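Note sheet for the following structure.
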Amino acid sequence: METDDHDRLLVEGDNLAFMSALPAGIVDLIVTDPPFFTGRRRIISPRPAGADAAHSTPGFDDQWKTLADYLAFMRPRLEAIRRLLRPKGSLVIHLDWRVVHAVRLELDEVFGPDRFVNEIIWHYTGGGRARRYFSRKHDTLLWYARGDSWTFNIDAVRVPYKATSGFARGGITARSGKHYSPHPAGTPLDDVWDLPIINPLSPERCGYPTQKPELLLERIVLALSRPGDLVVDPFCGSGTSVVVAARHGRRWCACDCSPQAIAIARRRLERETGGRPLIGRRPARREGDRPQPAHPPA
Ligand SMILES: C[S@@+](CC[C@H](N)C(=O)[O-])C[C@H]1O[C@@H](n2cnc3c(N)ncnc32)[C@H](O)[C@@H]1O
């Protein structure tokens, strides 16, 4: 691949082959949301009119025999991610309670524990309520940096002060006499983010089963990359991360092994970029690679 090819590249196929085909050290931000080890087969909704569940188009398979199988799938991909990052580049990987602990240990080995930067908690409400335990209403995003310094712009993602904040009204004067004024753009984010899931009736909803809110990805892209940077998502699904990257003037490339995901991502990206043509590729499969992470259920 030529360097110019690394913008607007949407690839259908296995992401290990995709990442291996890219040169090392060219990516500023990898933001990705792999299968969560849910043990489920994720289905695209809505079904065509009149079709029953058996006729649904599968989204992707997240069934594994064992956790070891899942980690054996993830490990070479985490290594490939690290190889792609520039010295000041970062990885943000989105997981939940099922495997975040295990993937974090893998990342400590691949990146080094000292390269861990943040564990971002995305808290949401809505959906069902558990009766036998506290309802599980957060996902976890792990941020690792490639080197010992990284791109970070907290001012790009400030949020309004609370209406009750006295500091927001007049600032505060320290005992030393120094006065601290509120920032015109609001307060800096911490690592717990309260953001709604996508409303089922929202025009943002594209029907992909694990679609993430643009607002969540927007915070990551704006804070951890700069305009013109290259943002990559090797498990792009419906393309939320790269839609947001394109919107904010980043270069991007993305991969997914599901043809349905790629079709949806393509539509969203073309709409976002005013029909600007995308470069679509299917990487050659390497021996031993498999296009889907699926294992027959145990
Ligand atoms: C959790 S979804 C991503 C959803 C996405 N963040 C969105 O907003 O739509 C995970 C994706 O990983 C893809 N995937 C799983 N194994 C893959 C592989 N080996 N190579 C490429 N994509 C893969 C699945 O097809 C699925 O679309």
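Residue numbering restarts at 1 in every chain; chains get A, B, ... in the order shown in the structure tokens, and ligands count up from 1 in that same order.
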List as number ranges by chain the protein and nucleic acid residues near A:Pro200, meaning an atom at most 12 Å away when only C-alpha atoms are counted, but skip any in the same chain fewer than 2 places from it. A: 45-46, 126-127, 196-198, 202-209, 211, 213
Return as a compact mmCIF listing (two decimals) with N, CA and C atoms, in the first residue's frame every polymer residue, whether protein, DNA or RNA, with at least one atom no more than 9 Å from an atom of ligand 1; count only C-alpha atoms and all ligand atoms.
```txt
# COMPACT_ATOMS: atom_id res chain seq x y z
N VAL A 11 -11.94 -1.48 4.84
CA VAL A 11 -11.53 -2.81 4.41
C VAL A 11 -12.45 -3.87 4.99
N GLU A 12 -12.93 -4.75 4.14
CA GLU A 12 -13.72 -5.89 4.61
C GLU A 12 -12.80 -7.10 4.71
N GLY A 13 -12.66 -7.65 5.91
CA GLY A 13 -11.81 -8.83 6.05
C GLY A 13 -11.30 -8.94 7.47
N ASP A 14 -10.40 -9.87 7.66
CA ASP A 14 -9.85 -10.08 9.00
C ASP A 14 -8.87 -8.96 9.34
N ASN A 15 -8.99 -8.43 10.55
CA ASN A 15 -8.17 -7.25 10.87
C ASN A 15 -6.70 -7.57 11.14
N LEU A 16 -6.37 -8.85 11.36
CA LEU A 16 -4.95 -9.15 11.55
C LEU A 16 -4.22 -8.97 10.21
N ALA A 17 -4.86 -9.45 9.15
CA ALA A 17 -4.28 -9.26 7.82
C ALA A 17 -4.25 -7.77 7.46
N PHE A 18 -5.35 -7.07 7.80
CA PHE A 18 -5.44 -5.62 7.53
C PHE A 18 -4.30 -4.87 8.22
N VAL A 31 -8.81 3.51 18.06
CA VAL A 31 -9.94 3.48 18.98
C VAL A 31 -10.84 2.36 18.48
N THR A 32 -11.09 1.39 19.37
CA THR A 32 -11.74 0.19 18.86
C THR A 32 -12.57 -0.50 19.91
N ASP A 33 -13.51 -1.30 19.43
CA ASP A 33 -14.57 -1.88 20.25
C ASP A 33 -14.73 -3.33 19.78
N PRO A 34 -13.88 -4.23 20.30
CA PRO A 34 -13.90 -5.61 19.79
C PRO A 34 -15.09 -6.39 20.38
N PRO A 35 -15.29 -7.65 19.95
CA PRO A 35 -16.29 -8.47 20.63
C PRO A 35 -16.01 -8.52 22.13
N PHE A 36 -17.09 -8.56 22.94
CA PHE A 36 -16.98 -8.45 24.40
C PHE A 36 -16.97 -9.79 25.12
N ARG A 42 -24.71 -11.75 17.60
CA ARG A 42 -25.36 -10.44 17.53
C ARG A 42 -26.08 -10.29 16.19
N GLY A 59 -25.26 -10.23 12.52
CA GLY A 59 -24.31 -9.12 12.57
C GLY A 59 -22.93 -9.74 12.71
N PHE A 60 -22.62 -10.27 13.90
CA PHE A 60 -21.35 -10.99 14.05
C PHE A 60 -21.47 -11.95 15.22
N ASP A 61 -20.54 -12.90 15.23
CA ASP A 61 -20.60 -13.97 16.20
C ASP A 61 -19.63 -13.66 17.34
N ASP A 62 -20.13 -13.68 18.58
CA ASP A 62 -19.28 -13.43 19.75
C ASP A 62 -19.36 -14.64 20.68
N PHE A 73 -7.22 -15.13 20.45
CA PHE A 73 -7.63 -14.32 19.29
C PHE A 73 -7.16 -12.88 19.46
N MET A 74 -7.33 -12.33 20.66
CA MET A 74 -7.02 -10.92 20.88
C MET A 74 -5.52 -10.62 20.89
N ARG A 77 -3.67 -9.43 17.87
CA ARG A 77 -4.28 -8.18 17.39
C ARG A 77 -3.82 -7.01 18.26
N HIS A 94 -12.53 -0.56 23.98
CA HIS A 94 -13.82 -0.52 24.68
C HIS A 94 -14.24 -1.95 25.04
N LEU A 95 -14.45 -2.21 26.34
CA LEU A 95 -14.81 -3.55 26.81
C LEU A 95 -15.85 -3.42 27.92
N CYS A 206 -28.39 3.11 13.48
CA CYS A 206 -28.28 2.58 12.12
C CYS A 206 -28.68 1.12 12.02
N GLY A 207 -29.02 0.47 13.14
CA GLY A 207 -29.47 -0.92 13.09
C GLY A 207 -28.37 -1.92 13.39
N TYR A 208 -27.10 -1.45 13.53
CA TYR A 208 -26.03 -2.42 13.85
C TYR A 208 -26.11 -2.74 15.34
N PRO A 209 -26.02 -4.04 15.70
CA PRO A 209 -26.38 -4.43 17.07
C PRO A 209 -25.56 -3.78 18.18
N THR A 210 -24.30 -3.49 17.94
CA THR A 210 -23.47 -2.98 19.04
C THR A 210 -23.00 -1.55 18.75
N GLN A 211 -23.79 -0.83 18.00
CA GLN A 211 -23.43 0.55 17.63
C GLN A 211 -23.22 1.41 18.88
N LYS A 212 -22.16 2.20 18.90
CA LYS A 212 -21.86 3.06 20.05
C LYS A 212 -22.23 4.51 19.73
N PRO A 213 -22.52 5.31 20.78
CA PRO A 213 -22.93 6.69 20.53
C PRO A 213 -21.79 7.55 19.98
N GLU A 214 -22.13 8.41 19.04
CA GLU A 214 -21.11 9.30 18.46
C GLU A 214 -20.51 10.21 19.52
N LEU A 217 -17.51 8.59 21.20
CA LEU A 217 -16.32 8.54 20.33
C LEU A 217 -15.76 9.94 20.08
N ASP A 233 -9.64 2.12 13.19
CA ASP A 233 -10.49 1.20 13.98
C ASP A 233 -10.51 -0.16 13.29
N PRO A 234 -9.79 -1.15 13.86
CA PRO A 234 -9.75 -2.47 13.22
C PRO A 234 -10.99 -3.33 13.45
N PHE A 235 -11.86 -2.96 14.40
CA PHE A 235 -13.13 -3.68 14.63
C PHE A 235 -14.25 -2.64 14.46
N CYS A 236 -14.41 -2.07 13.26
CA CYS A 236 -15.17 -0.81 13.15
C CYS A 236 -16.68 -0.98 13.21
N GLY A 237 -17.22 -2.19 13.02
CA GLY A 237 -18.68 -2.35 13.03
C GLY A 237 -19.33 -1.38 12.06
N SER A 238 -20.29 -0.62 12.59
CA SER A 238 -21.01 0.33 11.72
C SER A 238 -20.22 1.60 11.45
N GLY A 239 -19.00 1.69 11.97
CA GLY A 239 -18.10 2.78 11.58
C GLY A 239 -18.19 4.04 12.43
N THR A 240 -18.79 3.93 13.63
CA THR A 240 -19.00 5.15 14.45
C THR A 240 -17.70 5.93 14.66
N SER A 241 -16.62 5.23 15.03
CA SER A 241 -15.36 5.92 15.34
C SER A 241 -14.85 6.71 14.14
N CYS A 255 -11.57 -1.37 9.44
CA CYS A 255 -11.74 -2.74 8.95
C CYS A 255 -12.83 -3.44 9.74
N ASP A 256 -13.56 -4.31 9.10
CA ASP A 256 -14.46 -5.23 9.80
C ASP A 256 -14.61 -6.47 8.92
N CYS A 257 -14.79 -7.63 9.59
CA CYS A 257 -14.91 -8.87 8.81
C CYS A 257 -16.34 -9.12 8.36
N SER A 258 -17.29 -8.31 8.82
CA SER A 258 -18.69 -8.54 8.45
C SER A 258 -19.07 -7.68 7.25
N PRO A 259 -19.54 -8.30 6.17
CA PRO A 259 -19.95 -7.52 5.00
C PRO A 259 -21.09 -6.57 5.34
N GLN A 260 -21.99 -7.00 6.27
CA GLN A 260 -23.11 -6.11 6.64
C GLN A 260 -22.58 -4.86 7.36
N ALA A 261 -21.60 -5.06 8.24
CA ALA A 261 -21.01 -3.92 8.95
C ALA A 261 -20.38 -2.95 7.95
N ILE A 262 -19.64 -3.50 7.01
CA ILE A 262 -18.95 -2.64 6.04
C ILE A 262 -19.96 -1.88 5.19
N ILE A 264 -22.94 -0.90 6.09
CA ILE A 264 -23.52 0.18 6.91
C ILE A 264 -22.49 1.29 7.11
N ALA A 265 -21.25 0.91 7.41
CA ALA A 265 -20.19 1.91 7.63
C ALA A 265 -19.99 2.74 6.36
N ASP A 289 -5.41 -17.39 9.27
CA ASP A 289 -6.34 -16.36 9.72
C ASP A 289 -7.75 -16.85 9.52
N ARG A 290 -8.65 -16.36 10.31
CA ARG A 290 -10.04 -16.69 10.06
C ARG A 290 -10.81 -15.40 10.00
N PRO A 291 -11.78 -15.30 9.10
CA PRO A 291 -12.47 -14.03 8.93
C PRO A 291 -13.40 -13.70 10.08
N GLN A 292 -13.90 -14.68 10.80
CA GLN A 292 -14.82 -14.44 11.93
C GLN A 292 -14.19 -15.02 13.18
N PRO A 293 -14.42 -14.40 14.33
CA PRO A 293 -13.86 -14.95 15.55
C PRO A 293 -14.70 -16.09 16.09
N ALA A 294 -15.62 -16.59 15.29
CA ALA A 294 -16.60 -17.53 15.83
C ALA A 294 -16.01 -18.89 16.13
```
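Here atom CA of A:Val157 and atom CA of A:Ala185 stand 8.7 Å from one another.
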Would you please give, as JSON, numbers by chain, all residues of stretch 31-135 of chain A that DSSP assigns to helix (DSSP H, G or I) based on the backbone? {"A": [53, 54, 55, 67, 68, 69, 70, 71, 72, 73, 74, 75, 76, 77, 78, 79, 80, 81, 82, 83, 84, 100, 101, 102, 103, 104, 105, 106, 107, 108, 109, 110, 111, 113, 114, 115]}
Next, the residues of the selection above should be written as a PDB file, in the first residue's frame with C-alpha atoms.
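Result file follows (out.pdb):
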```pdb
ATOM      1  CA  ALA A  53     -35.798 -14.553  14.068  1.00  0.00           C
ATOM      2  CA  ALA A  54     -34.463 -17.517  12.107  1.00  0.00           C
ATOM      3  CA  HIS A  55     -34.269 -15.341   9.009  1.00  0.00           C
ATOM      4  CA  LEU A  67     -11.748 -17.309  27.688  1.00  0.00           C
ATOM      5  CA  ALA A  68      -8.343 -18.671  26.640  1.00  0.00           C
ATOM      6  CA  ASP A  69      -9.636 -18.953  23.052  1.00  0.00           C
ATOM      7  CA  TYR A  70     -10.834 -15.356  23.153  1.00  0.00           C
ATOM      8  CA  LEU A  71      -7.497 -14.134  24.506  1.00  0.00           C
ATOM      9  CA  ALA A  72      -5.603 -16.189  21.929  1.00  0.00           C
ATOM     10  CA  PHE A  73      -7.633 -14.324  19.287  1.00  0.00           C
ATOM     11  CA  MET A  74      -7.016 -10.915  20.885  1.00  0.00           C
ATOM     12  CA  ARG A  75      -3.320 -11.196  21.722  1.00  0.00           C
ATOM     13  CA  PRO A  76      -1.835 -11.003  18.187  1.00  0.00           C
ATOM     14  CA  ARG A  77      -4.278  -8.179  17.389  1.00  0.00           C
ATOM     15  CA  LEU A  78      -3.139  -6.178  20.422  1.00  0.00           C
ATOM     16  CA  GLU A  79       0.460  -6.720  19.309  1.00  0.00           C
ATOM     17  CA  ALA A  80      -0.436  -5.594  15.769  1.00  0.00           C
ATOM     18  CA  ILE A  81      -2.114  -2.475  17.211  1.00  0.00           C
ATOM     19  CA  ARG A  82       1.016  -1.534  19.148  1.00  0.00           C
ATOM     20  CA  ARG A  83       3.186  -2.013  16.046  1.00  0.00           C
ATOM     21  CA  LEU A  84       1.037   0.487  14.118  1.00  0.00           C
ATOM     22  CA  VAL A 100     -11.822  -6.038  30.761  1.00  0.00           C
ATOM     23  CA  HIS A 101      -9.697  -7.493  33.594  1.00  0.00           C
ATOM     24  CA  ALA A 102      -8.187 -10.169  31.344  1.00  0.00           C
ATOM     25  CA  VAL A 103      -7.522  -7.844  28.395  1.00  0.00           C
ATOM     26  CA  ARG A 104      -5.903  -5.332  30.731  1.00  0.00           C
ATOM     27  CA  LEU A 105      -3.387  -7.968  31.820  1.00  0.00           C
ATOM     28  CA  GLU A 106      -2.654  -8.733  28.155  1.00  0.00           C
ATOM     29  CA  LEU A 107      -2.180  -5.024  27.459  1.00  0.00           C
ATOM     30  CA  ASP A 108       0.176  -4.702  30.423  1.00  0.00           C
ATOM     31  CA  GLU A 109       2.296  -7.382  28.780  1.00  0.00           C
ATOM     32  CA  VAL A 110       2.078  -5.961  25.259  1.00  0.00           C
ATOM     33  CA  PHE A 111       2.463  -2.227  26.058  1.00  0.00           C
ATOM     34  CA  PRO A 113       2.040  -1.564  32.724  1.00  0.00           C
ATOM     35  CA  ASP A 114       3.652   1.886  32.779  1.00  0.00           C
ATOM     36  CA  ARG A 115       1.940   2.681  29.462  1.00  0.00           C
TER      37      ARG A 115
END
```
Which residue, A:Arg146, A:Lys162, A:Arg169, A:Arg250, has the smallest gap to A:Val92 when you use only C-alpha atoms? A:Arg146
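Distance check against A:His123 using only C-alpha atoms: of A:Asp7, A:Asp229, A:Asp148, A:Asp96, the minimum falls on A:Asp96.
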Might you pull out every residue within 9 Å of A:Trp97, with only C-alpha atoms counted and same-chain residues fewer than 5 positions away left off, and present them as number ranges by chain? A: 36, 136, 138-140
Stretch 4-119 of chain A near stretch 269-279 of chain A within 10 Å: what's each residue's closest atom pair and its distance in Å to one decimal, counting only C-alpha atoms, ordered by chain then ascending residue number, as CSV?
```
residue,atom,partner,partner_atom,distance
A:Asp5,CA,A:Ile279,CA,7.7
A:His6,CA,A:Ile279,CA,9.2
A:Asp7,CA,A:Ile279,CA,8.2
A:Arg8,CA,A:Leu278,CA,5.3
A:Leu9,CA,A:Ile279,CA,4.8
A:Leu10,CA,A:Ile279,CA,6.1
A:Val11,CA,A:Ile279,CA,8.2
```
According to DSSP computed on the backbone, where in stretch 68-255 of chain A is there strand (DSSP E)? Give the residues as number ranges by chain. A: 85-95, 116-123, 138-145, 172-173, 179-180, 192-194, 230-233, 251-255
Which residues are near A:Ile30? Cut-off 6 Å, only C-alpha atoms, ignore same chain within fewer than 4 positions. Put them as a PDB file with C-alpha atoms, in the first residue's frame.
```pdb
ATOM      1  CA  LEU A  91      -4.943   2.904  21.922  1.00  0.00           C
ATOM      2  CA  VAL A 231      -7.304   7.358  13.312  1.00  0.00           C
ATOM      3  CA  VAL A 232      -7.763   3.608  12.825  1.00  0.00           C
ATOM      4  CA  ASP A 233     -10.486   1.204  13.981  1.00  0.00           C
TER       5      ASP A 233
END
```
In Å, rounded to a single decimal, give me how far atom CA of A:Trp193 is from atom CA of A:Leu215. 10.6 Å
Dump as CSV the rows for residues of stretch 153-199 of chain A within 7 Å of stretch 220-228 of chain A: closest atom pair and distance in Å with one decimal, only C-alpha atoms counted, ordered by chain and rising residue number.
```
residue,atom,partner,partner_atom,distance
A:Asn153,CA,A:Ala223,CA,4.6
A:Ile154,CA,A:Ala223,CA,5.8
A:Ala156,CA,A:Ala223,CA,5.8
A:Val157,CA,A:Ala223,CA,6.3
```
Selection from above, C-alpha atoms, as a PDB file, in the first residue's frame, can you write it?
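Dumped to selection.pdb:
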```pdb
ATOM      1  CA  ASN A 153      -6.093  18.066  24.564  1.00  0.00           C
ATOM      2  CA  ILE A 154      -8.373  18.349  27.596  1.00  0.00           C
ATOM      3  CA  ALA A 156     -11.283  20.094  23.409  1.00  0.00           C
ATOM      4  CA  VAL A 157     -13.680  18.151  25.612  1.00  0.00           C
TER       5      VAL A 157
END
```
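A straight line drawn from atom CA of A:Glu119 to atom CA of A:Val27 is 21.3 Å long.
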